[in-house]
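Asker: This is the structure I want to talk about, given as structure tokens.
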Amino acid sequence: MKWGQAEKKNWFQSQKVQRSYRDDVLGKIEALAKDFELVRYGALSLDPERYPLYLLKSKRFDPAKPSVLITGGVHGYETSGVHGALAFLERAGDDGRRFNVVCAPCLSPWSYETINRWNPEAIDPNRSFREASPAEECRFFLAAMASQGLRPFAHFDLHETTDTDNTVFRPALAARDGVEEEPFSEIPDGFYVVGDSENPRAEFQRAIIEAVEKVTHIAPPDAEGKIIGQKIEQPGVVNYPVKKLFLCAGFSSAAYVTTTEVSPDSPRSTAAVCVDAQVAAIRGGLDYLARL
């Protein structure tokens with residue numbers, strides 16, 4: 001039977017804080033303020049003091065230059081999405097010569113602390129990037145994009161695919177919605193990207209894969225030639241209808257969008273390698289765009 005408010009409340013009360021947004025993330029964001037403009041765009045109503053939301057933006061923002069958006073932590077449990085976004089800014093700095101850079105490194109800070117896919121109301125933010133979104137995290141972000149007048153030329157949305165997608169989150173989804181939810185046939189082992197099926201940009205996605213494969217391995221398809229149930233379009237690339245599904249990568253009319261995915265539970269990987277893969281993905285994509 002589909003969950004009601006009582007079941008959602010019980011689920012929320014069963015979640016435990018396992019790490020610190022303040023210690024792990026906010027300290028790094030504040031340190032980057034010396035090189036970037038720091039924009040507070042809201043705070044989670046659950047605890048506004050504990051969960052402020054920030055953008056980092058090029059100080060030399062030039063409307064004549066293309067703008068690149070980097071988002072992480074849409075799913076708070078996907079750790080290298082958050083730390084990959086921050087590491088890119090720490091290592092690359094403000095690339096004002098080529099692009100304006102805007103980064104929202106952790107859209108879902110409560111989910112980061114509780115290592116969760118959902119927000120406190122058992123909503124998946126990455127199915128909620130739409131007008132009048134049911135997810136507070138998405139509403140704040142979309143309002144910030146509108147108030148900043150940001151129309152990104154490219155958008156990198158950084159994610160992971162974990163073993164818990166099958167063992168924890170897909171079973172929880174089935175219980176919440178009162179439906180049968182089949183697990184993925186297998187969790188991809190390695191890095192891959194999800195493009196927009198309505199605007200796939202194959203060469204852009206290939207450039208990202210080629211950059212990342214210098215850092216870590218690319219996920220092979222399963223026995224059916226698929227990754228997470230989707231047929232591969234080229235090595236390490238699948239496409240989704242990102243706008244139809246209200247994914248973060250589909251919220252704008254950006255010409256180039258990609259959702260990165262890396263498997264932190266791979267025996268061939270480490271947390272540091274996952275972060276390095278995210279950084280390489282952004283660099284590879286930007287190098288491609290700079291040659292256009």
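Going by the structure tokens order, chains are called A, B, ..., each with residues numbered from 1, while ligands are numbered from 1 in the order shown.
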If DSSP is run on the backbone, what residues of segment 31-192 of chain A are strand (DSSP E or B)? A reply as an MDAnalysis selection string would be ideal.
Answerer: chainID A and resid 36:43 52:58 67:72 100:104 154:158 191:192
Asker: Which polymer residues have any atom within 12 Å of an atom of segment 11-17 of chain A, counting only C-alpha atoms, with same-chain residues fewer than 5 positions away left out, as a PDB file with C-alpha atoms, in the first residue's frame?
Answerer:
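Writing the result to around-v9.pdb gives the following:
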ATOM      1  CA  TRP A   3       2.710   5.471   1.991  1.00  0.00           C
ATOM      2  CA  GLY A   4       0.668   8.179   3.652  1.00  0.00           C
ATOM      3  CA  GLN A   5       1.929  10.954   5.912  1.00  0.00           C
ATOM      4  CA  ALA A   6       2.276   8.614   8.891  1.00  0.00           C
ATOM      5  CA  LEU A  46      13.946  21.808   8.695  1.00  0.00           C
ATOM      6  CA  GLY A  76      23.011  13.887  -0.886  1.00  0.00           C
ATOM      7  CA  TYR A  77      24.314  10.343  -0.485  1.00  0.00           C
ATOM      8  CA  PRO A 109      22.422  19.067   2.731  1.00  0.00           C
ATOM      9  CA  TRP A 110      20.098  17.069   5.021  1.00  0.00           C
ATOM     10  CA  SER A 111      20.373  14.174   2.596  1.00  0.00           C
ATOM     11  CA  TYR A 112      24.154  14.605   2.642  1.00  0.00           C
ATOM     12  CA  GLU A 113      24.224  14.258   6.418  1.00  0.00           C
ATOM     13  CA  THR A 114      21.879  11.267   6.531  1.00  0.00           C
ATOM     14  CA  ILE A 115      23.391   9.624   3.407  1.00  0.00           C
ATOM     15  CA  ASN A 116      20.064   9.645   1.647  1.00  0.00           C
ATOM     16  CA  ARG A 117      18.599   9.791  -1.827  1.00  0.00           C
ATOM     17  CA  TRP A 118      15.392  11.449  -0.661  1.00  0.00           C
ATOM     18  CA  ASN A 119      14.770  14.718   1.133  1.00  0.00           C
ATOM     19  CA  PRO A 120      13.135  14.851   4.613  1.00  0.00           C
ATOM     20  CA  GLU A 121       9.676  14.431   3.066  1.00  0.00           C
ATOM     21  CA  ALA A 122      10.669  11.218   1.225  1.00  0.00           C
ATOM     22  CA  ILE A 123      10.774  13.066  -2.112  1.00  0.00           C
ATOM     23  CA  ALA A 172      12.251   1.918  -0.402  1.00  0.00           C
ATOM     24  CA  LEU A 173      10.776   3.402  -3.585  1.00  0.00           C
ATOM     25  CA  ALA A 175       7.383   0.498  -0.512  1.00  0.00           C
ATOM     26  CA  ARG A 176       6.683   4.251  -0.672  1.00  0.00           C
TER      27      ARG A 176
END
Asker: If we count only C-alpha atoms, what is near segment 185-195 of chain A at a cut-off of 7 Å, once residues fewer than 5 positions away on the same chain are taken out, given as an MDAnalysis selection string?
Answerer: chainID A and resid 163 200 217:219 227 236:240 257:263 266
Asker: How many Å separate atom CA of Glu7 of chain A from atom CA of Glu181 of chain A?
Answerer: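 For atom CA of Glu7 of chain A relative to atom CA of Glu181 of chain A, the distance reads 18.3 Å.
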Asker: Need to verify the contact set: Ala277 of chain A, 9 Å, only C-alpha atoms, exclusion of same-chain residues closer than 2 positions in sequence. Can you return it as an MDAnalysis selection string?
Answerer: chainID A and resid 80 84 191 211:216 262 272:275 279:282
Asker: Mind dumping the selected residues with C-alpha atoms as a PDB file, in the first residue's frame?
Answerer:
ATOM      1  CA  SER A  80      31.748  12.540  -4.969  1.00  0.00           C
ATOM      2  CA  GLY A  84      33.915  16.627  -7.043  1.00  0.00           C
ATOM      3  CA  PHE A 191      32.174   5.743 -14.732  1.00  0.00           C
ATOM      4  CA  ALA A 211      39.040  12.556 -20.251  1.00  0.00           C
ATOM      5  CA  VAL A 212      37.776  10.334 -17.445  1.00  0.00           C
ATOM      6  CA  GLU A 213      39.245   7.101 -18.784  1.00  0.00           C
ATOM      7  CA  LYS A 214      42.693   8.585 -18.081  1.00  0.00           C
ATOM      8  CA  VAL A 215      41.705   8.613 -14.396  1.00  0.00           C
ATOM      9  CA  THR A 216      39.505   5.555 -13.904  1.00  0.00           C
ATOM     10  CA  VAL A 262      30.589   6.866 -10.956  1.00  0.00           C
ATOM     11  CA  ALA A 272      39.539   9.922  -4.044  1.00  0.00           C
ATOM     12  CA  VAL A 273      39.375   8.333  -7.487  1.00  0.00           C
ATOM     13  CA  CYS A 274      35.650   9.107  -7.696  1.00  0.00           C
ATOM     14  CA  VAL A 275      36.348  12.768  -6.943  1.00  0.00           C
ATOM     15  CA  VAL A 279      36.908  16.743 -11.897  1.00  0.00           C
ATOM     16  CA  ALA A 280      38.208  15.099 -15.068  1.00  0.00           C
ATOM     17  CA  ALA A 281      34.674  14.972 -16.482  1.00  0.00           C
ATOM     18  CA  ILE A 282      34.202  18.704 -16.054  1.00  0.00           C
TER      19      ILE A 282
END
Asker: Excluding Arg97 of chain A and any residue of its chain fewer than 5 positions from it, enumerate the residues within 10 Å of it, using only C-alpha atoms, and give them as a ChimeraX atom specification.
Answerer: /A:60,62,65
Asker: Identify, on the basis of only C-alpha atoms, every residue whose closest approach to Glu131 of chain A does not exceed 10 Å; exclude the query and any residue fewer than 4 positions from it along the same chain; express the result as a PyMOL selection string.
Answerer: chain A and resi 138-139+142-143+246+251
Asker: Do you know which residues are at most 9 Å from Ser253 of chain A counting only C-alpha atoms, after dropping those on the same chain fewer than 3 positions away, and could you put them as a PyMOL selection string?
Answerer: chain A and resi 151-153+250+256
Asker: So, counting only C-alpha atoms, which residue among A:Glu233, A:Asp124, A:Glu137, A:Glu160 is closest to Pro264 of chain A?
Answerer: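 For Pro264 of chain A, the nearest of the given residues is A:Glu160.
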Asker: Go ahead and compute the interatomic distance for atom CA of Ile228 of chain A and atom CA of Gly81 of chain A, in Å to one decimal.
Answerer: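 Spanning atom CA of Ile228 of chain A to atom CA of Gly81 of chain A is a straight-line distance of 18.3 Å.
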Asker: Report as a list in words: the residues of segment 231-292 of chain A with a DSSP assignment of alpha helix (DSSP H), based on the backbone of this structure.
Answerer: Ala271, Ala272, Val273, Cys274, Val275, Asp276, Ala277, Gln278, Val279, Ala280, Ala281, Ile282, Arg283, Gly284, Gly285, Leu286, Asp287, Tyr288, Leu289 and Ala290 of chain A
Asker: Deliver the residues from the most recent selection as a file, using C-alpha atoms, as a PDB file, in the first residue's frame.
Answerer:
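Final output, result03.pdb:
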ATOM      1  CA  ALA A 271      36.602   7.857  -2.769  1.00  0.00           C
ATOM      2  CA  ALA A 272      39.539   9.922  -4.044  1.00  0.00           C
ATOM      3  CA  VAL A 273      39.375   8.333  -7.487  1.00  0.00           C
ATOM      4  CA  CYS A 274      35.650   9.107  -7.696  1.00  0.00           C
ATOM      5  CA  VAL A 275      36.348  12.768  -6.943  1.00  0.00           C
ATOM      6  CA  ASP A 276      39.162  12.817  -9.503  1.00  0.00           C
ATOM      7  CA  ALA A 277      36.794  11.315 -12.090  1.00  0.00           C
ATOM      8  CA  GLN A 278      34.239  14.065 -11.493  1.00  0.00           C
ATOM      9  CA  VAL A 279      36.908  16.743 -11.897  1.00  0.00           C
ATOM     10  CA  ALA A 280      38.208  15.099 -15.068  1.00  0.00           C
ATOM     11  CA  ALA A 281      34.674  14.972 -16.482  1.00  0.00           C
ATOM     12  CA  ILE A 282      34.202  18.704 -16.054  1.00  0.00           C
ATOM     13  CA  ARG A 283      37.639  19.502 -17.436  1.00  0.00           C
ATOM     14  CA  GLY A 284      37.127  17.223 -20.421  1.00  0.00           C
ATOM     15  CA  GLY A 285      33.767  18.769 -21.198  1.00  0.00           C
ATOM     16  CA  LEU A 286      35.071  22.334 -20.844  1.00  0.00           C
ATOM     17  CA  ASP A 287      38.084  21.625 -23.046  1.00  0.00           C
ATOM     18  CA  TYR A 288      35.710  20.352 -25.724  1.00  0.00           C
ATOM     19  CA  LEU A 289      33.463  23.408 -25.441  1.00  0.00           C
ATOM     20  CA  ALA A 290      36.454  25.762 -25.594  1.00  0.00           C
TER      21      ALA A 290
END
Asker: Go through A:Cys248, A:Pro134, A:Ala174, A:Pro221 one by one, measure the shortest atom-to-atom distance of each to His155 of chain A using only C-alpha atoms, and give the residue with the smallest value.
Answerer: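 Counting only C-alpha atoms, the residue closest to His155 of chain A is A:Cys248.
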Asker: Find, counting only C-alpha atoms, the residue in A:Lys59, A:Lys34, A:His75, A:Arg40 that gets nearest to Phe99 of chain A.
Answerer: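 Nearest candidate to Phe99 of chain A out of A:Lys59, A:Lys34, A:His75, A:Arg40: A:Lys59.
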